[in-house]
>>> print(open('start.pdb').read())   # PDB, C-alpha atoms
MODEL        1
ATOM      1  CA  MET A   8      49.930  52.206 -94.251
ATOM      2  CA  GLU A   9      50.103  48.649 -95.586
ATOM      3  CA  GLN A  10      52.353  48.318 -98.627
ATOM      4  CA  MET A  11      50.564  47.543-101.875
ATOM      5  CA  PRO A  12      51.397  44.182-103.518
ATOM      6  CA  TYR A  13      51.813  45.967-106.847
ATOM      7  CA  THR A  14      53.294  49.212-108.169
ATOM      8  CA  THR A  15      50.583  51.867-108.167
ATOM      9  CA  LEU A  16      50.227  54.778-110.560
ATOM     10  CA  SER A  17      49.919  57.266-107.710
ATOM     11  CA  SER A  18      53.256  56.217-106.214
ATOM     12  CA  PHE A  19      54.956  56.351-109.612
ATOM     13  CA  LEU A  20      53.661  59.854-110.348
ATOM     14  CA  ARG A  21      54.534  61.189-106.897
ATOM     15  CA  LYS A  22      58.067  59.830-107.209
ATOM     16  CA  ARG A  23      58.491  61.342-110.677
ATOM     17  CA  PHE A  24      56.942  64.762-110.062
ATOM     18  CA  GLY A  25      57.332  65.203-106.306
ATOM     19  CA  CYS A  26      53.670  65.966-105.656
ATOM     20  CA  ARG A  27      50.165  64.626-106.169
ATOM     21  CA  VAL A  28      49.440  64.273-109.899
ATOM     22  CA  HIS A  29      46.125  63.311-111.505
ATOM     23  CA  LYS A  30      45.167  62.449-115.050
ATOM     24  CA  ILE A  31      42.504  64.546-116.741
ATOM     25  CA  THR A  32      40.488  62.656-119.347
ATOM     26  CA  ILE A  33      39.983  64.480-122.622
ATOM     27  CA  ASP A  34      37.756  63.961-125.640
ATOM     28  CA  ALA A  35      39.586  65.444-128.628
ATOM     29  CA  GLY A  36      36.716  64.798-131.056
ATOM     30  CA  LEU A  37      38.583  62.093-132.969
ATOM     31  CA  THR A  38      37.249  58.755-134.206
ATOM     32  CA  CYS A  39      38.533  55.235-134.843
ATOM     33  CA  PRO A  40      39.600  53.364-138.010
ATOM     34  CA  ASN A  41      37.457  50.478-136.802
ATOM     35  CA  ARG A  42      34.399  52.723-137.068
ATOM     36  CA  ASP A  43      34.875  54.871-140.148
ATOM     37  CA  GLY A  44      35.438  51.994-142.581
ATOM     38  CA  THR A  45      39.223  52.257-142.846
ATOM     39  CA  VAL A  46      39.658  49.010-140.908
ATOM     40  CA  GLY A  47      36.062  48.118-140.166
ATOM     41  CA  THR A  48      32.706  49.438-139.030
ATOM     42  CA  GLY A  49      30.802  49.225-135.792
ATOM     43  CA  GLY A  50      33.899  49.115-133.598
ATOM     44  CA  CYS A  51      34.745  46.394-131.094
ATOM     45  CA  ILE A  52      31.822  44.322-129.835
ATOM     46  CA  TYR A  53      31.967  45.921-126.367
ATOM     47  CA  CYS A  54      32.209  49.539-127.550
ATOM     48  CA  ASN A  55      29.172  51.737-128.207
ATOM     49  CA  GLU A  56      28.978  55.065-130.004
ATOM     50  CA  ARG A  57      30.426  56.886-127.006
ATOM     51  CA  GLY A  58      33.578  54.830-127.254
ATOM     52  CA  SER A  59      35.313  53.284-124.273
ATOM     53  CA  GLY A  60      36.354  56.628-122.852
ATOM     54  CA  THR A  61      34.642  59.791-121.716
ATOM     55  CA  GLY A  62      32.121  60.061-124.532
ATOM     56  CA  ARG A  63      31.495  63.218-126.514
ATOM     57  CA  SER A  64      32.152  66.364-124.545
ATOM     58  CA  GLU A  65      29.330  68.600-125.829
ATOM     59  CA  ASN A  66      31.782  70.547-128.012
ATOM     60  CA  ALA A  67      33.857  71.768-125.065
ATOM     61  CA  SER A  68      37.379  72.700-126.120
ATOM     62  CA  ILE A  69      40.383  70.858-124.773
ATOM     63  CA  THR A  70      41.272  73.890-122.687
ATOM     64  CA  GLU A  71      37.755  74.061-121.234
ATOM     65  CA  GLN A  72      37.764  70.362-120.390
ATOM     66  CA  ILE A  73      41.094  70.649-118.589
ATOM     67  CA  VAL A  74      40.280  73.826-116.657
ATOM     68  CA  SER A  75      36.989  72.354-115.428
ATOM     69  CA  ALA A  76      38.621  69.085-114.350
ATOM     70  CA  LYS A  77      41.560  70.852-112.676
ATOM     71  CA  GLU A  78      39.246  72.724-110.351
ATOM     72  CA  TYR A  79      37.391  69.560-109.352
ATOM     73  CA  LEU A  80      40.471  67.351-108.911
ATOM     74  CA  GLY A  81      42.352  70.030-107.058
ATOM     75  CA  CYS A  82      39.545  70.502-104.549
ATOM     76  CA  ARG A  83      38.647  66.840-104.077
ATOM     77  CA  TYR A  84      42.065  65.168-104.161
ATOM     78  CA  GLY A  85      44.544  67.971-103.575
ATOM     79  CA  ALA A  86      46.109  67.397-106.992
ATOM     80  CA  GLU A  87      48.794  69.946-107.814
ATOM     81  CA  LYS A  88      49.841  68.885-111.300
ATOM     82  CA  PHE A  89      48.079  67.055-114.092
ATOM     83  CA  ILE A  90      48.552  64.787-117.079
ATOM     84  CA  ALA A  91      46.291  65.377-120.067
ATOM     85  CA  TYR A  92      44.854  61.986-120.979
ATOM     86  CA  PHE A  93      43.527  61.824-124.526
ATOM     87  CA  GLN A  94      41.196  58.909-123.842
ATOM     88  CA  SER A  95      38.211  58.728-126.183
ATOM     89  CA  PHE A  96      38.692  56.716-129.368
ATOM     90  CA  SER A  97      42.065  56.737-131.227
ATOM     91  CA  ASN A  98      44.150  59.795-130.443
ATOM     92  CA  THR A  99      46.865  59.380-133.063
ATOM     93  CA  TYR A 100      44.277  58.947-135.809
ATOM     94  CA  ALA A 101      44.513  62.347-137.509
ATOM     95  CA  PRO A 102      46.995  64.333-139.618
ATOM     96  CA  VAL A 103      50.111  65.216-137.647
ATOM     97  CA  LYS A 104      49.405  68.928-137.989
ATOM     98  CA  ARG A 105      46.087  68.484-136.208
ATOM     99  CA  LEU A 106      47.600  66.212-133.558
ATOM    100  CA  SER A 107      50.283  68.797-132.884
ATOM    101  CA  ALA A 108      47.628  71.465-132.344
ATOM    102  CA  LEU A 109      45.579  69.219-130.026
ATOM    103  CA  TYR A 110      48.533  68.169-127.889
ATOM    104  CA  GLY A 111      49.886  71.707-127.872
ATOM    105  CA  GLU A 112      46.602  73.145-126.626
ATOM    106  CA  ALA A 113      46.614  70.710-123.711
ATOM    107  CA  LEU A 114      50.228  71.397-122.780
ATOM    108  CA  ALA A 115      49.615  75.160-122.857
ATOM    109  CA  VAL A 116      47.300  74.945-119.843
ATOM    110  CA  ASP A 117      49.016  75.774-116.574
ATOM    111  CA  GLY A 118      49.781  72.718-114.439
ATOM    112  CA  ILE A 119      49.850  70.168-117.260
ATOM    113  CA  VAL A 120      53.117  68.248-116.957
ATOM    114  CA  GLY A 121      52.566  65.461-119.460
ATOM    115  CA  LEU A 122      50.450  63.638-121.998
ATOM    116  CA  ALA A 123      48.909  60.176-122.027
ATOM    117  CA  VAL A 124      47.690  59.294-125.512
ATOM    118  CA  GLY A 125      45.215  56.449-125.885
ATOM    119  CA  THR A 126      45.225  54.797-129.290
ATOM    120  CA  ARG A 127      45.370  51.583-131.323
ATOM    121  CA  PRO A 128      48.574  49.857-132.451
ATOM    122  CA  ASP A 129      47.472  49.907-136.089
ATOM    123  CA  CYS A 130      47.032  53.679-136.390
ATOM    124  CA  THR A 131      50.218  54.985-134.820
ATOM    125  CA  GLY A 132      52.400  55.884-137.774
ATOM    126  CA  ASP A 133      56.001  57.014-137.600
ATOM    127  CA  GLU A 134      55.094  60.692-138.072
ATOM    128  CA  ALA A 135      52.804  60.641-135.037
ATOM    129  CA  LEU A 136      55.428  58.820-132.988
ATOM    130  CA  ASP A 137      58.083  61.335-134.061
ATOM    131  CA  LEU A 138      55.826  64.144-132.842
ATOM    132  CA  LEU A 139      55.323  62.409-129.501
ATOM    133  CA  ALA A 140      59.056  61.744-129.219
ATOM    134  CA  GLU A 141      59.730  65.451-129.730
ATOM    135  CA  LEU A 142      57.260  66.334-126.971
ATOM    136  CA  ASN A 143      58.743  63.631-124.756
ATOM    137  CA  ARG A 144      62.009  65.551-124.670
ATOM    138  CA  ARG A 145      60.383  68.323-122.636
ATOM    139  CA  VAL A 146      57.379  66.734-120.866
ATOM    140  CA  TYR A 147      56.353  63.257-119.776
ATOM    141  CA  VAL A 148      54.635  61.314-122.589
ATOM    142  CA  SER A 149      53.034  57.876-122.497
ATOM    143  CA  VAL A 150      51.227  56.043-125.286
ATOM    144  CA  GLU A 151      48.364  53.809-124.137
ATOM    145  CA  TYR A 152      47.806  50.940-126.544
ATOM    146  CA  GLY A 153      44.559  49.010-126.520
ATOM    147  CA  LEU A 154      45.536  45.372-126.991
ATOM    148  CA  GLN A 155      42.976  43.408-124.915
ATOM    149  CA  SER A 156      44.477  39.961-125.678
ATOM    150  CA  VAL A 157      47.544  38.434-127.315
ATOM    151  CA  HIS A 158      45.379  35.815-129.044
ATOM    152  CA  ASP A 159      44.535  36.595-132.655
ATOM    153  CA  ARG A 160      41.436  34.394-132.556
ATOM    154  CA  THR A 161      40.086  36.557-129.723
ATOM    155  CA  LEU A 162      40.980  39.793-131.492
ATOM    156  CA  ALA A 163      39.041  38.575-134.540
ATOM    157  CA  LEU A 164      36.079  37.472-132.420
ATOM    158  CA  ILE A 165      35.740  40.870-130.730
ATOM    159  CA  ASN A 166      36.130  42.677-134.081
ATOM    160  CA  ARG A 167      39.290  44.373-132.923
ATOM    161  CA  GLY A 168      40.535  44.935-136.457
ATOM    162  CA  HIS A 169      44.237  44.300-135.834
ATOM    163  CA  THR A 170      46.525  41.417-134.938
ATOM    164  CA  PHE A 171      48.981  40.845-132.123
ATOM    165  CA  ALA A 172      51.781  41.299-134.677
ATOM    166  CA  ALA A 173      50.574  44.877-135.234
ATOM    167  CA  PHE A 174      50.806  45.495-131.503
ATOM    168  CA  ARG A 175      54.316  44.056-131.280
ATOM    169  CA  ASP A 176      55.434  46.258-134.178
ATOM    170  CA  ALA A 177      53.926  49.363-132.564
ATOM    171  CA  VAL A 178      55.641  48.587-129.261
ATOM    172  CA  GLU A 179      59.022  48.235-130.949
ATOM    173  CA  ARG A 180      58.663  51.496-132.899
ATOM    174  CA  THR A 181      57.423  53.381-129.850
ATOM    175  CA  ARG A 182      60.188  52.161-127.561
ATOM    176  CA  LEU A 183      62.843  52.928-130.178
ATOM    177  CA  ARG A 184      61.854  56.553-129.618
ATOM    178  CA  GLY A 185      62.087  56.271-125.837
ATOM    179  CA  ILE A 186      58.356  56.719-125.235
ATOM    180  CA  ASP A 187      56.684  54.903-122.332
ATOM    181  CA  ILE A 188      53.933  52.408-123.156
ATOM    182  CA  THR A 189      50.875  51.435-121.137
ATOM    183  CA  VAL A 190      48.928  48.399-122.357
ATOM    184  CA  HIS A 191      45.196  47.821-121.928
ATOM    185  CA  VAL A 192      44.008  44.239-121.377
ATOM    186  CA  ILE A 193      40.436  42.986-120.913
ATOM    187  CA  LEU A 194      39.742  39.961-118.732
ATOM    188  CA  GLY A 195      36.697  37.817-119.468
ATOM    189  CA  LEU A 196      36.612  38.124-123.254
ATOM    190  CA  PRO A 197      34.347  35.606-125.034
ATOM    191  CA  GLY A 198      35.935  32.198-125.535
ATOM    192  CA  GLU A 199      38.958  32.852-123.330
ATOM    193  CA  THR A 200      39.871  30.555-120.448
ATOM    194  CA  LYS A 201      41.913  31.565-117.430
ATOM    195  CA  ASP A 202      44.940  29.925-119.072
ATOM    196  CA  ASP A 203      44.391  32.079-122.173
ATOM    197  CA  MET A 204      44.333  35.224-120.060
ATOM    198  CA  LEU A 205      47.436  34.228-118.137
ATOM    199  CA  GLU A 206      49.220  33.586-121.441
ATOM    200  CA  THR A 207      48.531  37.237-122.253
ATOM    201  CA  ALA A 208      50.155  38.089-118.903
ATOM    202  CA  ARG A 209      53.206  35.935-119.615
ATOM    203  CA  VAL A 210      53.712  37.452-123.065
ATOM    204  CA  LEU A 211      53.336  41.038-121.859
ATOM    205  CA  GLY A 212      55.629  40.314-118.928
ATOM    206  CA  SER A 213      58.392  39.511-121.400
ATOM    207  CA  MET A 214      57.919  42.717-123.430
ATOM    208  CA  ASP A 215      59.316  46.217-123.008
ATOM    209  CA  ILE A 216      56.272  47.929-121.529
ATOM    210  CA  GLN A 217      56.088  50.402-118.666
ATOM    211  CA  GLY A 218      52.428  50.321-117.629
ATOM    212  CA  LEU A 219      49.387  48.056-117.535
ATOM    213  CA  LYS A 220      45.635  48.571-117.255
ATOM    214  CA  LEU A 221      43.389  45.626-116.489
ATOM    215  CA  HIS A 222      39.700  45.929-117.360
ATOM    216  CA  LEU A 223      36.734  43.737-116.613
ATOM    217  CA  LEU A 224      34.648  42.947-119.698
ATOM    218  CA  TYR A 225      31.338  44.507-118.755
ATOM    219  CA  VAL A 226      28.340  44.829-121.062
ATOM    220  CA  VAL A 227      26.937  48.239-121.964
ATOM    221  CA  SER A 228      23.822  49.085-123.916
ATOM    222  CA  GLY A 229      23.976  49.660-127.654
ATOM    223  CA  THR A 230      26.753  47.159-128.317
ATOM    224  CA  ARG A 231      27.064  43.885-130.174
ATOM    225  CA  LEU A 232      28.116  42.301-126.873
ATOM    226  CA  HIS A 233      24.742  43.284-125.410
ATOM    227  CA  GLU A 234      23.041  41.309-128.190
ATOM    228  CA  ILE A 235      25.336  38.337-127.590
ATOM    229  CA  LEU A 236      24.530  38.411-123.870
ATOM    230  CA  GLU A 237      20.782  38.541-124.508
ATOM    231  CA  ASN A 238      21.067  35.594-126.898
ATOM    232  CA  GLY A 239      22.661  33.542-124.142
ATOM    233  CA  GLU A 240      25.961  33.277-126.009
ATOM    234  CA  TYR A 241      28.065  35.008-123.355
ATOM    235  CA  GLN A 242      28.287  34.948-119.574
ATOM    236  CA  CYS A 243      30.147  37.581-117.567
ATOM    237  CA  LEU A 244      32.765  36.628-115.026
ATOM    238  CA  ASN A 245      31.598  36.778-111.443
ATOM    239  CA  ARG A 246      33.465  38.940-108.944
ATOM    240  CA  GLU A 247      35.484  36.095-107.427
ATOM    241  CA  GLU A 248      36.527  34.756-110.838
ATOM    242  CA  TYR A 249      37.707  38.185-111.911
ATOM    243  CA  ALA A 250      39.680  38.806-108.721
ATOM    244  CA  ASP A 251      41.285  35.361-108.959
ATOM    245  CA  ILE A 252      42.445  35.939-112.540
ATOM    246  CA  ALA A 253      43.631  39.501-111.870
ATOM    247  CA  ALA A 254      45.710  38.365-108.889
ATOM    248  CA  ASP A 255      47.429  35.635-110.890
ATOM    249  CA  PHE A 256      47.843  37.978-113.879
ATOM    250  CA  LEU A 257      49.910  40.395-111.794
ATOM    251  CA  SER A 258      52.267  37.626-110.717
ATOM    252  CA  TYR A 259      53.626  37.512-114.300
ATOM    253  CA  ILE A 260      54.088  41.285-114.647
ATOM    254  CA  PRO A 261      57.523  42.578-113.550
ATOM    255  CA  ARG A 262      57.464  44.884-110.534
ATOM    256  CA  ASP A 263      58.811  47.866-112.482
ATOM    257  CA  VAL A 264      55.659  47.948-114.644
ATOM    258  CA  VAL A 265      53.225  50.511-113.238
ATOM    259  CA  ILE A 266      49.707  49.199-112.647
ATOM    260  CA  HIS A 267      47.402  52.017-113.723
ATOM    261  CA  ARG A 268      44.163  50.217-112.926
ATOM    262  CA  LEU A 269      42.789  46.809-111.956
ATOM    263  CA  THR A 270      39.190  47.162-113.098
ATOM    264  CA  GLY A 271      37.037  49.378-115.292
ATOM    265  CA  ASP A 272      34.654  52.261-114.560
ATOM    266  CA  PRO A 273      31.399  51.686-116.442
ATOM    267  CA  HIS A 274      28.902  54.486-116.956
ATOM    268  CA  ARG A 275      26.123  53.703-114.500
ATOM    269  CA  ASN A 276      23.333  54.603-116.907
ATOM    270  CA  GLU A 277      24.753  52.385-119.669
ATOM    271  CA  LEU A 278      25.788  49.265-117.742
ATOM    272  CA  ILE A 279      23.823  46.088-118.446
ATOM    273  CA  ALA A 280      25.970  43.513-116.625
ATOM    274  CA  PRO A 281      27.519  42.611-114.271
ATOM    275  CA  ALA A 282      26.052  44.912-111.619
ATOM    276  CA  TRP A 283      29.056  44.349-109.333
ATOM    277  CA  ALA A 284      31.276  46.184-111.836
ATOM    278  CA  LEU A 285      30.054  49.432-110.248
ATOM    279  CA  GLU A 286      31.498  48.475-106.839
ATOM    280  CA  LYS A 287      35.058  49.504-107.588
ATOM    281  CA  GLU A 288      36.458  49.608-104.055
ATOM    282  CA  VAL A 289      34.909  46.259-103.173
ATOM    283  CA  ASN A 290      36.502  44.737-106.263
ATOM    284  CA  LEU A 291      39.927  46.247-105.592
ATOM    285  CA  ASN A 292      39.868  45.122-101.986
ATOM    286  CA  LEU A 293      39.016  41.573-103.016
ATOM    287  CA  ILE A 294      41.931  41.439-105.476
ATOM    288  CA  ARG A 295      44.327  42.686-102.796
ATOM    289  CA  LYS A 296      42.869  40.252-100.252
ATOM    290  CA  MET A 297      43.365  37.309-102.612
ATOM    291  CA  MET A 298      46.927  38.393-103.349
ATOM    292  CA  LYS A 299      47.731  38.631 -99.639
ATOM    293  CA  GLU A 300      46.133  35.306 -98.754
ATOM    294  CA  ARG A 301      47.951  33.502-101.567
ATOM    295  CA  GLY A 302      51.284  35.222-101.053
ATOM    296  CA  ILE A 303      51.188  36.930-104.443
ATOM    297  CA  VAL A 304      53.042  40.132-105.189
ATOM    298  CA  GLN A 305      53.491  41.655-108.602
ATOM    299  CA  GLY A 306      56.156  39.818-110.568
ATOM    300  CA  CYS A 307      56.573  36.949-108.121
ATOM    301  CA  ALA A 308      56.256  34.363-110.910
ATOM    302  CA  VAL A 309      59.013  35.932-113.024
ATOM    303  CA  SER A 310      62.525  37.139-112.454
ATOM    304  CA  GLY A 311      63.085  40.858-112.064
ATOM    305  CA  ARG A 312      64.326  42.922-114.945
TER     306      ARG A 312
ENDMDL
END
>>> encode(input="start.pdb", output="structure tokens")
Amino acid sequence: MEQMPYTTLSSFLRKRFGCRVHKITIDAGLTCPNRDGTVGTGGCIYCNERGSGTGRSENASITEQIVSAKEYLGCRYGAEKFIAYFQSFSNTYAPVKRLSALYGEALAVDGIVGLAVGTRPDCTGDEALDLLAELNRRVYVSVEYGLQSVHDRTLALINRGHTFAAFRDAVERTRLRGIDITVHVILGLPGETKDDMLETARVLGSMDIQGLKLHLLYVVSGTRLHEILENGEYQCLNREEYADIAADFLSYIPRDVVIHRLTGDPHRNELIAPAWALEKEVNLNLIRKMMKERGIVQGCAVSGR
């Protein structure tokens, strides 16, 4: 099998756990400070009422969600162990007592060997991080921070509700506790040039992070971005532009950073544009093809660390 030009999540998990491990996405029924008025209302311009994750789970318990997904993933992919991924909305945004119960319920299910907790850098207080640090002493724990861009002007434009300084502070406090960090970045945000996006890559490449997720900015129904698109104020990247930027982005990310994903997975019945966002394998193959043709491997533009 041809070697990947970047460090994949599957290879990282197999090396760590010695078998095939899959993440199970969970909706814990939480919300976001950028929706309930604490920071703002309406959320980010690309996020609808379902959030950027799995959407509401029809009141299924965490245990029920995991058991159902385990059966499917085990049969389809041969997964033997699993990481509970608290994906929808902000999963440190609740009293610590409730968070402890939510995480504990997930870890009590047989076969769960770790937690991935998706959240925002401005709602991860020290008490929540202390709880995660305690869990990290007995299972694998990773915090997934939505950043999207290092540029404050972009964060303001997309109604993110926090600054890059808040992200940097959260990274420092999280790493002080020995917890792994995965960062989410969106390519193609309004007003950003390729140079802007690669500056995000250069900054993140210099920080103490352990994982990266790249997402295409796609437009879904029921969002402010949908309105902006219809008004002719935004144009999505085309497939070749996205692949070109993603390939160069990876050149600034050190090889020991695990690449969790290189594009997003829009809900088919919500996607407005671009249609090619649904063709995940085509998009991944094009990124890899561009990297090979241009002699790019992850981290080639920076020294190792």
>>> closest_residue(input="start.pdb", among="A:His233, A:Thr170, A:Cys307, A:Tyr92", to="A:Asp263", atoms="only C-alpha atoms")
A:Cys307
>>> resolve_selection(input="start.pdb", expression="the PyMOL selection byres ((chain A and resi 175-190) around 7)", output="number ranges by chain")
A: 128, 136, 140, 143, 148-154, 171-174, 191-192, 216-220
>>> atom_distance(input="start.pdb", atom1="atom CA of A:Asn66", atom2="atom CA of A:Gly47")
25.9 Å
>>> closest_residue(input="start.pdb", among="A:Arg42, A:His222, A:Lys77, A:Lys88", to="A:Cys26", atoms="all atoms listed in the file")
A:Lys88
>>> axis_aligned_box(input="start.pdb", around="stretch 239-248 of chain A", padding_each_side="8 Å", output="AutoDock Vina command-line options")
--center_x 29.6 --center_y 36.1 --center_z -116.7 --size_x 29.9 --size_y 21.7 --size_z 34.6
>>> resolve_selection(input="start.pdb", expression="the PyMOL selection byres ((chain A and resi 287-295) around 9)", output="ChimeraX atom specification")
/A:11-12,246-247,249-254,269-272,283-286,296-300
>>> residues_around(input="start.pdb", residues="stretch 195-211 of chain A", least_positions_apart="6", cutoff="8 Å", atoms="only C-alpha atoms", output="list of chain:residue names")
A:Ser156, A:Val157, A:His158, A:Thr161, A:Leu164, A:Ile165, A:Leu223, A:Leu224, A:Tyr241, A:Cys243, A:Leu244, A:Tyr249, A:Ile252, A:Asp255, A:Phe256, A:Leu257, A:Tyr259, A:Ile260
